[in-house]
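Below you'll find the structure, written out as structure tokens, and then a few comments.
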Amino acid sequence: MVRLPRDKNVLVLTGAGISAESGIKTFRDSGGLWEDHRVEDVATPKAFERNPRLVWDFYRQRYLQSIEAQPNSAHYSLVELEQYLGDNFHMITQNIDGLHTRAGSKNVLEMHGRLRYTLCAKCRVQYPFTDVCSEEHIPVCPVCGTNLRPDIVWFGEVPYFLVEIEKLLKRCELFLIVGTSGVVYPAAGFVMTAKYFGAKTIAINLEQPDNRSLIDDFHMGRSGDVLPKLVQEWTNTNALSSNV
Ligand code: NAD
């Protein structure tokens, strides 16, 4: 048994793999397609300029799918870990599905945006999807009348919270990576910073991620199976404390 000391500074990075068991498809797993769409057709600023209706149809479907989906045991394990560690727990997610916050996670940075919000690129104001979106129309900004876009960081754009993330990476003592391919940058490079600044690195994935050489402990398997067991060990107050 290896208990995690409560004063250990833990940073978690999650990707699409953690939501796969909630029924939300990853896109690497289906040969570079995301729900049967090429990323270039739906997830770039150019695609939105070219065909805002197609992009909105895609994200409306993703939004509806995300509210139907339920968090799984991996999402709930991270809530437990946060309750155990308190302010020493932080999480970065590349996911846009909102399942971490719905499970109850508090300290989470959604670096690629949120399906449940839209954005006016002109006023830089975000509006909840449910307030402005309907089936028929492309939503428009209630203030300036510009087409609203999904509040998603697309390929070729700068992710949210990079300054905060860098601070967290430099400070963490344990960096836990769950269900991410290690292909999409800048998130794929976070492990390098964490490791350089002295963190131990642990990853859970169905297969070896691209940045496997930077992982100290690799657990191959489904996050819904592996993570609850790890968290149970780490938070077991009857076990001896150890240097996880
Ligand atoms: P990815 O699709 O590139 O990789 C998913 C990884 O998860 C793969 O390495 C795969 O082996 C692993 N995986 C699949 N099922 C798993 C399971 N049950 N347990 C553990 N690992 C599992 O995903 P990414 O690295 O997050 O990058 C894709 C980008 O596309 C994201 O940044 C995100 O913005 C977007 N996206 C988001 C969602 C979502 O919000 N759920 C879904 C698809 C894509």
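Naming scheme: A, B, ... for chains in displayed order of the structure tokens; residues 1 onward per chain; ligands 1 onward as shown.
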
Quiz item: Could you name the residues that touch A:Arg102 at 10 Å or less, counting only C-alpha atoms, but leaving out those on the same chain fewer than 2 positions away, as a PyMOL selection string?
Solution: chain A and resi 67+70-71+75-76+97-100+104-106

Quiz item: If you count only C-alpha atoms and all ligand atoms, which residues end up within 7 Å of ligand 1, as an NGL selection string?
Solution: :A and (14-21 or 24-29 or 34 or 94-97 or 112 or 178-184 or 204-207 or 209 or 221-224)

How close does stretch 22-46 of chain A get to stretch 145-166 of chain A? List, as a Markdown table, each residue of stretch 22-46 of chain A within 10 Å, its nearest atom pair and the distance in Å to one decimal, counting only C-alpha atoms.
```
| residue | atom | partner | partner_atom | distance |
| --- | --- | --- | --- | --- |
| A:Val39 | CA | A:Phe155 | CA | 8.3 |
| A:Glu40 | CA | A:Phe155 | CA | 8.2 |
| A:Val42 | CA | A:Trp154 | CA | 8.9 |
| A:Ala43 | CA | A:Trp154 | CA | 5.2 |
| A:Thr44 | CA | A:Trp154 | CA | 5.0 |
| A:Pro45 | CA | A:Trp154 | CA | 6.7 |
| A:Lys46 | CA | A:Gly156 | CA | 9.7 |
```

Exercise. Give the alpha helix (DSSP H) residues of chain A, as DSSP finds them on the backbone, and put them as number ranges by chain.
Key: A: 17-20, 39-42, 45-50, 52-68, 73-85, 99-103, 129-132, 162-171, 190-196, 223-234

Self-check item: Filtered DSSP result for chain A, state strand (DSSP E), as an MDAnalysis selection string
Solution: chainID A and resid 10:14 33:34 37:38 89:93 108:110 113:120 125:128 149:152 174:178 200:205 217:220
